[in-house]
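Structure data (compact mmCIF, C-alpha atoms) from final-v2.txt:
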# COMPACT_ATOMS: atom_id res chain seq x y z
CA MET N 1 87.81 265.39 96.72
CA SER N 2 88.44 261.65 96.35
CA VAL N 3 88.12 261.22 100.12
CA MET N 4 84.62 262.67 99.96
CA VAL N 5 83.61 260.19 97.19
CA TRP N 6 84.74 257.24 99.30
CA LYS N 7 82.77 258.55 102.29
CA LEU N 8 79.62 259.00 100.22
CA LEU N 9 79.60 255.35 98.96
CA PRO N 10 77.84 252.81 101.19
CA PRO N 11 80.25 250.20 102.69
CA PRO N 12 78.95 247.21 100.60
CA LEU N 13 79.43 249.12 97.35
CA LEU N 14 82.87 250.29 98.48
CA LEU N 15 83.81 246.66 99.24
CA LEU N 16 82.63 245.55 95.78
CA LEU N 17 84.74 248.22 94.07
CA LEU N 18 87.83 247.19 96.03
CA LEU N 19 87.32 243.49 95.19
CA GLN N 20 86.93 244.27 91.49
CA ALA N 21 90.00 246.48 91.50
CA GLY N 22 91.99 243.73 93.24
CA SER N 23 90.99 241.04 90.70
CA THR N 24 91.87 243.36 87.79
CA PHE N 25 95.25 244.02 89.36
CA GLN N 26 95.83 240.26 89.81
CA ALA N 27 94.97 239.57 86.15
CA ARG N 28 97.41 242.26 85.00
CA LYS N 29 100.08 240.95 87.33
CA THR N 30 99.69 237.42 85.85
CA GLU N 31 100.07 238.75 82.31
CA VAL N 32 103.24 240.61 83.23
CA ILE N 33 104.74 237.47 84.77
CA LEU N 34 103.91 235.40 81.63
CA ALA N 35 105.57 237.98 79.39
CA TYR N 36 108.90 237.74 81.23
CA LYS N 37 110.04 234.14 81.11
CA VAL N 38 113.72 233.61 81.77
CA ILE N 39 116.19 231.89 79.46
CA GLY N 40 115.58 228.15 79.35
CA GLU N 41 111.84 228.24 80.05
CA PRO N 42 109.40 226.77 77.48
CA CYS N 43 107.60 229.34 75.30
CA GLU N 44 105.53 229.72 72.15
CA HIS N 45 106.13 233.34 71.10
CA ASN N 46 109.04 235.80 71.33
CA SER N 47 106.95 238.21 73.40
CA GLU N 48 106.82 235.70 76.29
CA CYS N 49 110.57 235.91 76.91
CA GLN N 50 112.71 238.52 78.66
CA SER N 51 115.12 238.22 75.74
CA ASP N 52 112.25 238.52 73.23
CA CYS N 53 113.64 235.35 71.63
CA CYS N 54 111.69 232.05 71.56
CA VAL N 55 113.23 229.34 69.33
CA THR N 56 113.90 225.61 69.22
CA ASN N 57 117.27 224.90 70.82
CA SER N 58 117.60 221.15 70.25
CA LEU N 59 116.20 218.32 68.17
CA ASN N 60 113.12 218.55 70.43
CA PRO N 61 110.43 220.60 68.61
CA GLN N 62 109.57 222.43 71.88
CA LYS N 63 110.58 226.11 71.82
CA PHE N 64 112.52 227.75 74.66
CA CYS N 65 113.52 231.28 75.64
CA THR N 66 117.09 231.85 74.43
CA PRO N 67 119.45 234.84 74.50
CA GLN N 68 119.79 237.12 71.51
CA THR N 69 123.11 237.54 69.70
CA VAL N 70 125.36 240.58 70.12
CA PHE N 71 123.62 242.02 67.06
CA LEU N 72 120.19 241.49 68.71
CA GLN N 73 119.27 238.64 66.39
CA CYS N 74 117.15 235.70 67.42
CA LEU N 75 118.85 232.68 65.83
CA PRO N 76 117.32 229.20 65.88
CA TRP N 77 119.29 226.20 67.06
CA LYS N 78 121.17 224.34 64.36
CA LYS N 79 122.40 220.76 64.35
CA PRO N 80 126.01 220.12 65.40
CA ASN N 81 128.43 218.04 63.34
CA GLY N 82 127.48 214.38 63.07
CA HIS N 83 123.70 214.85 63.02
CA PHE N 84 121.57 213.64 60.11
CA CYS N 85 120.54 216.47 57.75
CA GLU N 86 118.90 217.14 54.41
CA GLU N 87 120.16 220.63 53.58
CA HIS N 88 123.04 222.97 54.53
CA LEU N 89 120.87 225.44 56.49
CA GLU N 90 120.00 222.77 59.10
CA CYS N 91 123.64 222.61 60.26
CA TYR N 92 125.62 224.94 62.51
CA SER N 93 128.49 224.64 60.04
CA ASN N 94 126.16 225.19 57.04
CA CYS N 95 127.63 221.99 55.60
CA CYS N 96 125.39 218.95 55.00
CA ILE N 97 127.23 216.23 53.06
CA ARG N 98 127.64 212.50 52.50
CA THR N 99 130.31 211.14 54.81
CA GLY N 100 130.53 207.56 53.56
CA ASP N 101 129.07 204.94 51.22
CA SER N 102 125.58 205.57 52.59
CA PRO N 103 123.41 208.04 50.66
CA ASN N 104 122.50 209.69 54.00
CA ARG N 105 123.91 213.15 54.61
CA PHE N 106 125.28 214.51 57.88
CA CYS N 107 126.37 217.86 59.28
CA SER N 108 130.13 218.18 58.84
CA ALA N 109 132.87 220.75 59.41
CA LYS N 110 134.10 222.85 56.52
CA THR N 111 137.73 222.79 55.36
CA ILE N 112 140.22 225.47 56.41
CA PHE N 113 139.29 227.22 53.16
CA LEU N 114 135.62 227.22 54.30
CA GLN N 115 134.63 224.69 51.66
CA CYS N 116 132.02 222.01 52.14
CA VAL N 117 133.66 218.92 50.58
CA SER N 118 131.59 215.78 50.29
CA TRP N 119 132.95 212.27 50.79
CA ARG N 120 134.02 210.63 47.55
CA LYS N 121 134.71 207.08 46.45
CA GLN N 122 138.21 205.63 46.25
CA GLU N 123 139.95 204.35 43.14
CA GLY N 124 138.38 201.08 41.96
CA ASP N 125 134.91 201.69 43.44
CA ARG N 126 131.90 201.59 41.13
CA CYS N 127 130.48 204.98 40.24
CA GLN N 128 127.77 206.71 38.24
CA SER N 129 129.37 210.13 37.68
CA HIS N 130 132.78 211.86 37.93
CA SER N 131 131.70 213.84 41.02
CA GLU N 132 131.43 210.62 43.08
CA CYS N 133 135.18 209.93 42.86
CA TRP N 134 138.16 211.54 44.65
CA SER N 135 139.92 211.61 41.28
CA LEU N 136 136.82 213.14 39.66
CA CYS N 137 137.19 210.47 37.01
CA CYS N 138 134.55 207.77 36.51
CA LEU N 139 135.14 205.57 33.49
CA PRO N 140 134.44 201.99 32.41
CA LEU N 141 137.57 199.84 32.53
CA SER N 142 136.50 198.13 29.31
CA GLU N 143 133.66 198.41 26.83
CA THR N 144 131.63 195.83 28.73
CA SER N 145 132.41 196.73 32.34
CA PRO N 146 130.47 199.19 34.53
CA PRO N 147 132.20 202.49 35.30
CA HIS N 148 134.72 202.65 38.16
CA CYS N 149 136.66 205.46 39.81
CA THR N 150 140.03 205.64 38.04
CA LYS N 151 143.19 207.73 38.22
CA ARG N 152 143.56 210.69 35.96
CA THR N 153 146.16 210.13 33.29
CA GLY N 154 148.51 212.04 31.06
CA LEU N 155 150.72 215.07 31.48
CA LEU N 156 147.73 217.30 32.25
CA ALA N 157 146.07 214.73 34.53
CA LEU N 158 142.93 214.43 32.43
CA CYS N 159 140.11 211.95 32.79
CA LEU N 160 140.83 209.94 29.68
CA PRO N 161 139.51 206.48 28.85
CA VAL N 162 142.02 203.69 28.63
CA THR N 163 142.64 202.86 24.98
CA LEU N 164 143.73 199.47 23.93
CA HIS N 165 145.71 199.35 20.72
CA ALA N 166 144.37 196.57 18.58
CA GLN N 167 147.13 194.55 17.12
CA GLY N 168 146.23 193.54 13.63
CA PRO N 169 148.22 192.17 10.72
CA GLY N 170 151.24 194.32 10.03
CA PRO N 171 152.21 195.80 6.65
So, in terms of C-alpha cells, how does the structure I just supplied come out?
Amino acid sequence: MSVMVWKLLPPPLLLLLLLQAGSTFQARKTEVILAYKVIGEPCEHNSECQSDCCVTNSLNPQKFCTPQTVFLQCLPWKKPNGHFCEEHLECYSNCCIRTGDSPNRFCSAKTIFLQCVSWRKQEGDRCQSHSECWSLCCLPLSETSPPHCTKRTGLLALCLPVTLHAQGPGP
C-alpha cells in the first residue's frame, strides 16, 4: 500500500517530503548527541551527561560530567586539605578549621578518632576565651594584665586563677 502512495505523489512533492524527513532526523540526532556527553565534558544539567551527573569538580565554577558513586549518587566536588574554607561542608574531610594565628580557616584532616580539632594557642599567648588555648585555660596573669593561655593547675587540673597571698601584719 505504501508503495502505491509514493507512486501517486508527483516527484517534486516526494522530494520535499524526503528533505523534511531528513532535516527532522538530523535535529533528533543532534539532540541525542547533546544528551550523551562523556565524563569530563562541560555541561549545565545532569540530563546532558551519560552518567546523568553534572557537577563542579574543581574551584572553577564550570560544571562537568562526572561519574556517579557506587550508590548512584551525584556528589559535588569538595575542597581538598589546605584549601581556604568557610564551613565544614565545603571540605572533602568535612573539617574546616583555623590552622594558625590567622583567623582564616582551611580544610584539614580529622584525627584518628574522626574529630575536627582546631588549632589552639600555646601557653603564654594572649587569648579572649578558654577555647583558644591548648590548655583550655585563658586567665589574666594579674588583675591588670590581659588574659593569656596558662597551664591548668591543681590535683584535678582545673583552670584556676593564680592567687597571691597578701602578706599583712601578723598577729
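Closest to Gln73 of chain N among N:Cys53, N:Val117, N:Ala157, N:Leu141 is N:Cys53, based on only C-alpha atoms.
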For this session: Might you pull out every residue within 7 Å of Lys121 of chain N, with all atoms listed in the file counted and same-chain residues fewer than 5 positions away left off, and present them as a PyMOL selection string?
Result: chain N and resi 132-134
Exercise. Quick one: of N:Asn81, N:Ser51, N:Thr56, N:Thr99, who's nearest to Thr69 of chain N, counting all atoms listed in the file?
Worked result: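 Among the listed residues, the smallest separation from Thr69 of chain N belongs to N:Ser51.
For the pair atom CA of Pro42 of chain N and atom CA of Cys54 of chain N, the separation is 8.3 Å.
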For this session: Using atom CA of Asn57 of chain N and atom CA of Ser102 of chain N as the two end points, give the distance in Å to one decimal.
Result: 27.8 Å
